[in-house]
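Enquirer: Structure file protein-v2.cif (mmCIF, C-alpha atoms) right here:
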```cif
data_start
loop_
_atom_site.label_atom_id
_atom_site.label_comp_id
_atom_site.auth_asym_id
_atom_site.auth_seq_id
_atom_site.Cartn_x
_atom_site.Cartn_y
_atom_site.Cartn_z
CA MET A 1 -1.01 -106.44 63.27
CA ASN A 2 -0.52 -103.97 60.42
CA LEU A 3 -3.12 -101.67 61.93
CA LEU A 4 -1.35 -101.72 65.27
CA GLY A 5 1.97 -101.00 63.59
CA ASP A 6 0.41 -98.18 61.58
CA ALA A 7 -1.09 -96.73 64.76
CA ILE A 8 2.26 -96.78 66.57
CA GLY A 9 3.91 -95.27 63.51
CA TRP A 10 1.30 -92.50 63.49
CA ILE A 11 1.95 -91.74 67.16
CA PHE A 12 5.68 -91.29 66.58
CA SER A 13 5.39 -89.59 63.20
CA GLY A 14 5.09 -86.10 64.69
CA ASP A 15 2.33 -85.27 62.21
CA PRO A 16 -1.16 -86.12 63.52
CA GLY A 17 -2.78 -85.04 60.26
CA ARG A 18 -4.59 -82.05 58.90
CA GLY A 19 -7.23 -80.66 61.24
CA PHE A 20 -5.88 -82.44 64.32
CA ASP A 21 -4.06 -80.87 67.26
CA ALA A 22 -0.53 -82.02 67.93
CA ILE A 23 -0.41 -85.00 70.28
CA PRO A 24 1.29 -83.07 73.15
CA VAL A 25 -1.39 -80.38 72.88
CA ALA A 26 -4.17 -82.99 72.95
CA ILE A 27 -2.62 -84.66 76.02
CA GLY A 28 -2.38 -81.26 77.70
CA VAL A 29 -6.07 -80.56 77.05
CA GLN A 30 -7.00 -84.02 78.35
CA LEU A 31 -5.04 -83.44 81.56
CA LEU A 32 -6.26 -79.86 81.98
CA TYR A 33 -9.94 -80.83 82.01
CA THR A 34 -9.18 -83.75 84.30
CA VAL A 35 -7.22 -81.71 86.84
CA VAL A 36 -9.72 -78.83 86.92
CA ALA A 37 -12.69 -81.16 87.35
CA VAL A 38 -11.05 -83.24 90.09
CA LEU A 39 -9.91 -80.12 91.98
CA ILE A 40 -13.40 -78.60 91.94
CA ALA A 41 -15.00 -81.92 92.90
CA GLY A 42 -12.44 -82.34 95.69
CA ALA A 43 -13.19 -78.90 97.09
CA ILE A 44 -16.83 -79.95 97.35
CA ALA A 45 -16.62 -83.62 98.29
CA VAL A 46 -13.60 -83.92 100.59
CA PRO A 47 -14.72 -81.47 103.34
CA LEU A 48 -18.22 -82.94 103.18
CA GLY A 49 -16.84 -86.48 103.39
CA TRP A 50 -14.60 -85.60 106.33
CA TYR A 51 -17.57 -84.07 108.13
CA ILE A 52 -19.64 -87.20 107.55
CA GLY A 53 -16.81 -89.49 108.62
CA HIS A 54 -15.97 -87.44 111.72
CA THR A 55 -19.51 -86.90 112.97
CA GLY A 56 -21.23 -89.97 111.56
CA LYS A 57 -24.08 -87.75 110.34
CA GLY A 58 -25.55 -87.93 106.87
CA ARG A 59 -23.89 -91.16 105.79
CA GLU A 60 -27.07 -92.61 104.28
CA THR A 61 -27.68 -89.41 102.34
CA ALA A 62 -24.10 -89.42 101.06
CA VAL A 63 -24.40 -93.04 99.91
CA ALA A 64 -27.68 -92.25 98.13
CA ILE A 65 -26.23 -89.17 96.42
CA SER A 66 -23.12 -91.07 95.36
CA GLY A 67 -25.19 -93.88 93.91
CA ALA A 68 -27.45 -91.48 92.04
CA ALA A 69 -24.49 -89.51 90.64
CA ARG A 70 -22.84 -92.70 89.42
CA ALA A 71 -26.04 -93.63 87.58
CA ILE A 72 -26.09 -90.40 85.55
CA PRO A 73 -24.80 -91.00 81.99
CA SER A 74 -21.90 -88.60 81.49
CA PHE A 75 -22.42 -88.21 77.75
CA GLY A 76 -26.10 -87.44 78.15
CA LEU A 77 -25.37 -84.92 80.89
CA LEU A 78 -22.70 -83.27 78.75
CA ILE A 79 -25.07 -82.85 75.79
CA LEU A 80 -27.91 -81.63 78.04
CA LEU A 81 -25.72 -79.00 79.74
CA THR A 82 -24.33 -77.88 76.40
CA LEU A 83 -27.86 -77.30 75.14
CA LEU A 84 -28.89 -75.53 78.36
CA LEU A 85 -25.81 -73.31 78.69
CA GLY A 86 -25.38 -72.66 74.97
CA VAL A 87 -22.56 -73.35 72.54
CA LEU A 88 -20.54 -70.43 73.93
CA HIS A 89 -20.25 -72.21 77.26
CA LYS A 90 -19.21 -75.68 76.14
CA PRO A 91 -16.11 -75.78 78.40
CA GLU A 92 -18.25 -74.95 81.45
CA ALA A 93 -20.76 -77.65 80.48
CA ALA A 94 -17.94 -80.18 80.17
CA ILE A 95 -16.39 -79.24 83.52
CA ILE A 96 -19.74 -79.52 85.33
CA SER A 97 -20.31 -82.96 83.79
CA PHE A 98 -16.87 -84.17 84.86
CA VAL A 99 -17.27 -82.72 88.37
CA VAL A 100 -20.53 -84.65 88.80
CA LEU A 101 -18.68 -87.78 87.69
CA ALA A 102 -15.80 -87.25 90.12
CA ILE A 103 -17.76 -86.38 93.27
CA PRO A 104 -18.98 -89.91 94.22
CA SER A 105 -15.51 -91.49 94.39
CA LEU A 106 -14.04 -88.50 96.23
CA LEU A 107 -16.89 -88.35 98.71
CA ALA A 108 -16.70 -92.09 99.39
CA GLY A 109 -12.92 -91.99 99.73
CA ALA A 110 -13.11 -89.13 102.23
CA TYR A 111 -15.70 -90.56 104.62
CA THR A 112 -14.77 -94.24 104.33
CA GLY A 113 -11.18 -93.34 105.12
CA PHE A 114 -12.40 -92.13 108.51
CA GLU A 115 -14.80 -95.03 108.96
CA ALA A 116 -12.02 -97.58 108.46
CA ILE A 117 -10.05 -96.21 111.43
CA ASP A 118 -10.14 -98.35 114.56
CA ARG A 119 -12.45 -96.51 116.97
CA ARG A 120 -10.14 -97.42 119.84
CA VAL A 121 -7.49 -95.13 118.39
CA ILE A 122 -9.91 -92.19 118.41
CA ASP A 123 -11.15 -93.05 121.90
CA ALA A 124 -7.54 -93.11 123.08
CA GLY A 125 -7.02 -89.64 121.64
CA ARG A 126 -10.09 -88.33 123.44
CA SER A 127 -8.97 -89.93 126.69
CA MET A 128 -5.67 -88.06 126.36
CA GLY A 129 -7.59 -84.79 126.24
CA MET A 130 -7.32 -84.07 122.52
CA THR A 131 -9.89 -81.70 121.10
CA GLU A 132 -12.14 -82.68 118.19
CA SER A 133 -10.00 -80.52 115.90
CA GLN A 134 -6.83 -82.28 117.04
CA ILE A 135 -8.45 -85.68 116.57
CA LEU A 136 -9.46 -84.68 113.05
CA TRP A 137 -6.06 -83.38 111.90
CA ARG A 138 -3.70 -85.57 113.93
CA ILE A 139 -5.50 -88.90 113.84
CA GLU A 140 -8.33 -89.13 111.31
CA VAL A 141 -6.85 -87.24 108.37
CA PRO A 142 -3.43 -89.00 108.42
CA LEU A 143 -4.96 -92.45 108.93
CA GLY A 144 -7.74 -91.85 106.40
CA LEU A 145 -5.43 -90.41 103.75
CA PRO A 146 -4.67 -93.71 101.93
CA LEU A 147 -8.36 -94.34 101.23
CA LEU A 148 -8.85 -90.70 100.25
CA VAL A 149 -6.00 -91.00 97.75
CA GLY A 150 -7.68 -94.18 96.52
CA GLY A 151 -10.86 -92.18 95.95
CA ILE A 152 -8.90 -89.45 94.14
CA ARG A 153 -7.23 -92.15 92.05
CA ALA A 154 -10.57 -93.66 91.02
CA ALA A 155 -12.12 -90.24 90.30
CA THR A 156 -9.13 -89.11 88.25
CA LEU A 157 -9.13 -92.23 86.08
CA GLN A 158 -12.89 -92.00 85.54
CA VAL A 159 -12.68 -88.36 84.52
CA LEU A 160 -9.54 -88.88 82.41
CA ALA A 161 -11.28 -91.57 80.38
CA THR A 162 -14.54 -89.62 80.12
CA VAL A 163 -12.85 -86.40 78.94
CA THR A 164 -12.47 -88.26 75.65
CA ILE A 165 -16.14 -87.54 74.88
CA ALA A 166 -15.48 -83.79 75.10
CA ALA A 167 -14.32 -84.03 71.50
CA TYR A 168 -17.96 -84.61 70.50
CA ILE A 169 -18.63 -80.96 71.26
CA GLY A 170 -15.37 -79.72 69.77
CA LEU A 171 -13.25 -79.31 72.91
CA GLY A 172 -10.27 -81.28 71.65
CA GLY A 173 -8.27 -83.68 73.77
CA LEU A 174 -7.32 -87.19 72.78
CA GLY A 175 -10.91 -88.00 71.88
CA GLN A 176 -10.60 -85.95 68.69
CA TYR A 177 -8.44 -88.66 67.13
CA ILE A 178 -10.95 -91.39 67.93
CA ILE A 179 -14.10 -89.50 66.96
CA ALA A 180 -12.86 -87.73 63.82
CA ALA A 181 -11.06 -90.80 62.51
CA ILE A 182 -14.25 -92.89 62.26
CA PRO A 183 -15.89 -91.03 59.32
CA LEU A 184 -12.46 -90.62 57.70
CA ARG A 185 -11.84 -94.37 58.01
CA ARG A 186 -8.38 -93.61 59.37
CA PHE A 187 -8.10 -96.62 61.62
CA ASP A 188 -4.45 -95.94 62.34
CA ILE A 189 -5.45 -92.62 63.94
CA LEU A 190 -8.41 -94.22 65.74
CA ILE A 191 -6.30 -96.99 67.25
CA GLY A 192 -3.47 -94.57 67.97
CA GLY A 193 -5.83 -92.29 69.88
CA ALA A 194 -7.15 -95.22 71.90
CA ILE A 195 -3.57 -96.30 72.70
CA LEU A 196 -2.71 -92.79 73.88
CA VAL A 197 -5.72 -92.69 76.21
CA ALA A 198 -4.89 -96.12 77.63
CA VAL A 199 -1.20 -95.35 78.14
CA LEU A 200 -1.95 -92.01 79.78
CA ALA A 201 -4.44 -93.70 82.13
CA LEU A 202 -1.90 -96.39 83.04
CA VAL A 203 0.78 -93.81 83.79
CA ILE A 204 -1.58 -91.77 85.99
CA ASP A 205 -2.77 -94.92 87.74
CA GLY A 206 0.81 -95.98 88.46
CA LEU A 207 1.65 -92.58 89.93
CA PHE A 208 -1.39 -92.68 92.20
CA ALA A 209 -0.60 -96.24 93.26
CA LEU A 210 2.84 -95.05 94.35
CA LEU A 211 1.35 -92.02 96.13
CA GLN A 212 -1.22 -94.21 97.89
CA HIS A 213 1.62 -96.34 99.24
CA LEU A 214 3.65 -93.32 100.34
CA VAL A 215 0.84 -91.65 102.31
CA VAL A 216 0.41 -94.65 104.60
CA PRO A 217 1.79 -93.52 107.98
CA ARG A 218 5.27 -94.91 108.55
CA GLY A 219 4.36 -96.67 111.79
CA ILE A 220 1.46 -98.51 110.17
CA ARG A 221 3.64 -99.47 107.19
CA ALA A 222 6.31 -100.86 109.49
CA ALA A 223 3.80 -102.73 111.62
CA GLY A 224 2.08 -104.15 108.57
CA SER A 225 5.32 -105.42 107.04
CA ALA A 226 6.44 -106.95 110.32
CA GLN A 227 3.20 -108.79 111.04
CA PRO A 228 0.45 -108.63 108.44
CA GLN A 229 -3.00 -108.44 110.00
CA PRO A 230 -6.21 -109.54 108.28
CA ARG A 231 -8.46 -106.65 107.33
CA SER A 232 -11.75 -106.38 109.13
CA ALA A 233 -15.05 -106.50 107.28
CA ARG A 234 -15.47 -102.79 108.05
CA GLN A 235 -12.13 -101.95 106.40
CA ARG A 236 -12.91 -104.09 103.35
CA ARG A 237 -16.28 -102.33 102.91
CA ALA A 238 -14.60 -98.93 103.28
CA GLU A 239 -11.97 -99.73 100.65
CA ALA A 240 -14.61 -101.03 98.24
CA LEU A 241 -16.73 -97.90 98.67
CA ALA A 242 -13.72 -95.67 98.02
CA VAL A 243 -13.25 -97.14 94.55
CA GLY A 244 -16.95 -97.47 93.81
CA ALA A 245 -17.23 -101.25 94.04
CA PRO A 246 -20.42 -102.88 95.35
CA THR A 247 -20.29 -104.15 98.90
CA ALA A 248 -22.29 -106.67 100.82
CA PRO A 249 -24.34 -105.35 103.74
CA PRO A 250 -22.82 -105.89 107.16
CA ALA A 251 -23.88 -109.10 108.90
CA THR A 252 -26.62 -108.78 111.49
CA PRO A 253 -25.43 -109.91 114.90
#
```
Output the file's structure as structure tokens, nothing else.
Expert:
Amino acid sequence: MNLLGDAIGWIFSGDPGRGFDAIPVAIGVQLLYTVVAVLIAGAIAVPLGWYIGHTGKGRETAVAISGAARAIPSFGLLILLTLLLGVLHKPEAAIISFVVLAIPSLLAGAYTGFEAIDRRVIDAGRSMGMTESQILWRIEVPLGLPLLVGGIRAATLQVLATVTIAAYIGLGGLGQYIIAAIPLRRFDILIGGAILVAVLALVIDGLFALLQHLVVPRGIRAAGSAQPQPRSARQRRAEALAVGAPTAPPATP
């Protein structure tokens, strides 16, 4: 209990200690790497995921790539890229590592958001004479947005937590308090750094949870609150893929 109290006291002391960045600066660095990595990963994964979801082509390849990317150890990749790119390019090595980490959740969120849409809705749009572009932007993107935001939410939290290891190569962030405090035996700083990472992740998660609720189309929200409908197996698999959870294979008819 004393350690926890000391950690909270350290957080609010305004003096992180000699050799450490101020806490607001460390939080800013943590968020900066997270935002840059997720934006770059989104620019790669979201258009690709929308293409896969819209056309149905390349889904197996996307699943394989996502699974392989999730299996790559982020710390090992960070160290390898730092050695390959050189110590003068440590920020670039870190960003590449975090982008690789973020792509699977974003890719899955993009294409599973389209896959979860009832095909009858899309068929109705085609029967009304809508073009493929209109179907994409007026039907698939709005209806698939909640699962895409879920994928962004999962990717952001994964990257936010993993940015902590950037302190191993001297890039700062909240990880500096955890890593540097171990040899110094400053457990108040170590626990305080861990608390800051956890609280920041909870705040970001809460904001994304609110955003995920807000992007649900109003008509679907109203219909769902009036008469809740059970989710289909297809929708449950899509939601699980968007957050990176394992799913059971579809039943064979």
Enquirer: Choose the residue, out of A:Pro73, A:Pro91, A:Gly67, A:Gly113, that has the smallest atom-to-atom separation from A:Ile52; count only C-alpha atoms.
Expert: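 Once distances to A:Ile52 are computed over only C-alpha atoms, the minimum belongs to A:Gly113.
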Enquirer: For atom CA of A:Phe98 and atom CA of A:Ala71, quote the distance in Å rounded to one decimal.
Expert: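 Computing the Euclidean distance for atom CA of A:Phe98 and atom CA of A:Ala71 yields 13.5 Å.
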Enquirer: Give the answer as one residue: which of A:Ile189, A:Ile72, A:Ala37, A:Leu211 has the shortest atom-to-atom distance to A:Val99, using only C-alpha atoms?
Expert: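 Among the listed residues, A:Ala37 lies closest to A:Val99.
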Enquirer: A:Ile44: which residues within 9 Å, counting all atoms listed in the file, same-chain residues fewer than 4 positions away excluded, as number ranges by chain?
Expert: A: 39-40, 48-49, 103, 107
Enquirer: Could you give me, as a PyMOL selection string, the residues that have an atom at most 10 Å away from the point (-13.1, -93.1, 67.1) in the coordinates of the file, using all atoms listed in the file?
Expert: chain A and resi 164+175-187+189-194
Enquirer: Do you have the atom CA of A:Val216-atom CA of A:Ala43 distance handy?
Expert: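 Pair atom CA of A:Val216 / atom CA of A:Ala43 returns 22.1 Å.
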Enquirer: For the file shown, what are the residues hit by the PyMOL selection byres ((chain A and resi 145) around 9), laid out as a PyMOL selection string?
Expert: chain A and resi 109-110+113-114+140-144+146-150+212+215-217
Enquirer: Can you measure atom CA of A:Gly14 to atom CA of A:Gly170 for me? One decimal in Å is fine.
Expert: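 Spanning atom CA of A:Gly14 to atom CA of A:Gly170 is a straight-line distance of 22.0 Å.
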Enquirer: Of the residues A:Ile122, A:Leu31, A:Leu88, A:Ile8, which is the one nearest to A:Ala201, using all atoms listed in the file?
Expert: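 Residue with the minimum atom-to-atom distance to A:Ala201: A:Leu31.
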Enquirer: Which centre and edge lengths in Å to one decimal define the box along x, y and z that fits every listed atom of stretch 22-26 of chain A plus 8 Å per side, as JSON?
Expert:
```
{"center_x": -1.4, "center_y": -82.7, "center_z": 70.5, "size_x": 21.5, "size_y": 20.6, "size_z": 21.2}
```
Enquirer: Pick from A:Val197, A:Leu106, A:Ala26, A:Leu171: nearest to A:Trp50, with only C-alpha atoms counted?
Expert: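 Smallest separation from A:Trp50 among the options: A:Leu106.
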Enquirer: Please expand the PyMOL selection byres ((chain A and resi 22) around 12) into the concrete residues it hits in this file, giving the result as number ranges by chain.
Expert: A: 10-21, 23-29, 172-174, 176-177, 193
Enquirer: Next, dump the selected residues to file, keeping only C-alpha atoms, as a PDB file, in the coordinates of the input.
Expert:
```pdb
ATOM      1  CA  TRP A  10       1.300 -92.500  63.490  1.00  0.00           C
ATOM      2  CA  ILE A  11       1.950 -91.740  67.160  1.00  0.00           C
ATOM      3  CA  PHE A  12       5.680 -91.290  66.580  1.00  0.00           C
ATOM      4  CA  SER A  13       5.390 -89.590  63.200  1.00  0.00           C
ATOM      5  CA  GLY A  14       5.090 -86.100  64.690  1.00  0.00           C
ATOM      6  CA  ASP A  15       2.330 -85.270  62.210  1.00  0.00           C
ATOM      7  CA  PRO A  16      -1.160 -86.120  63.520  1.00  0.00           C
ATOM      8  CA  GLY A  17      -2.780 -85.040  60.260  1.00  0.00           C
ATOM      9  CA  ARG A  18      -4.590 -82.050  58.900  1.00  0.00           C
ATOM     10  CA  GLY A  19      -7.230 -80.660  61.240  1.00  0.00           C
ATOM     11  CA  PHE A  20      -5.880 -82.440  64.320  1.00  0.00           C
ATOM     12  CA  ASP A  21      -4.060 -80.870  67.260  1.00  0.00           C
ATOM     13  CA  ILE A  23      -0.410 -85.000  70.280  1.00  0.00           C
ATOM     14  CA  PRO A  24       1.290 -83.070  73.150  1.00  0.00           C
ATOM     15  CA  VAL A  25      -1.390 -80.380  72.880  1.00  0.00           C
ATOM     16  CA  ALA A  26      -4.170 -82.990  72.950  1.00  0.00           C
ATOM     17  CA  ILE A  27      -2.620 -84.660  76.020  1.00  0.00           C
ATOM     18  CA  GLY A  28      -2.380 -81.260  77.700  1.00  0.00           C
ATOM     19  CA  VAL A  29      -6.070 -80.560  77.050  1.00  0.00           C
ATOM     20  CA  GLY A 172     -10.270 -81.280  71.650  1.00  0.00           C
ATOM     21  CA  GLY A 173      -8.270 -83.680  73.770  1.00  0.00           C
ATOM     22  CA  LEU A 174      -7.320 -87.190  72.780  1.00  0.00           C
ATOM     23  CA  GLN A 176     -10.600 -85.950  68.690  1.00  0.00           C
ATOM     24  CA  TYR A 177      -8.440 -88.660  67.130  1.00  0.00           C
ATOM     25  CA  GLY A 193      -5.830 -92.290  69.880  1.00  0.00           C
TER      26      GLY A 193
END
```
Enquirer: Evaluate the PyMOL selection byres ((chain A and resi 157) around 9) on the structure here and hand back the selected residues as a PDB file with C-alpha atoms, keeping the file's coordinate frame.
Expert:
```pdb
ATOM      1  CA  THR A  34      -9.180 -83.750  84.300  1.00  0.00           C
ATOM      2  CA  ILE A 152      -8.900 -89.450  94.140  1.00  0.00           C
ATOM      3  CA  ARG A 153      -7.230 -92.150  92.050  1.00  0.00           C
ATOM      4  CA  ALA A 154     -10.570 -93.660  91.020  1.00  0.00           C
ATOM      5  CA  ALA A 155     -12.120 -90.240  90.300  1.00  0.00           C
ATOM      6  CA  THR A 156      -9.130 -89.110  88.250  1.00  0.00           C
ATOM      7  CA  GLN A 158     -12.890 -92.000  85.540  1.00  0.00           C
ATOM      8  CA  VAL A 159     -12.680 -88.360  84.520  1.00  0.00           C
ATOM      9  CA  LEU A 160      -9.540 -88.880  82.410  1.00  0.00           C
ATOM     10  CA  ALA A 161     -11.280 -91.570  80.380  1.00  0.00           C
ATOM     11  CA  THR A 162     -14.540 -89.620  80.120  1.00  0.00           C
ATOM     12  CA  ALA A 201      -4.440 -93.700  82.130  1.00  0.00           C
ATOM     13  CA  LEU A 202      -1.900 -96.390  83.040  1.00  0.00           C
ATOM     14  CA  ILE A 204      -1.580 -91.770  85.990  1.00  0.00           C
ATOM     15  CA  ASP A 205      -2.770 -94.920  87.740  1.00  0.00           C
TER      16      ASP A 205
END
```
Enquirer: Skip A:Ala124 itself and residues of its chain fewer than 6 positions away, then list as a ChimeraX atom specification all residues within 12 Å of it, counting only C-alpha atoms.
Expert: /A:118,130-131,135,139
Enquirer: For the selection you just gave me, I'd like the residues written to a file as a compact mmCIF listing (two decimals), in the frame of the given file, keeping C-alpha atoms.
Expert:
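Contents of part.txt, freshly written:
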```txt
# COMPACT_ATOMS: atom_id res chain seq x y z
CA ASP A 118 -10.14 -98.35 114.56
CA MET A 130 -7.32 -84.07 122.52
CA THR A 131 -9.89 -81.70 121.10
CA ILE A 135 -8.45 -85.68 116.57
CA ILE A 139 -5.50 -88.90 113.84
```
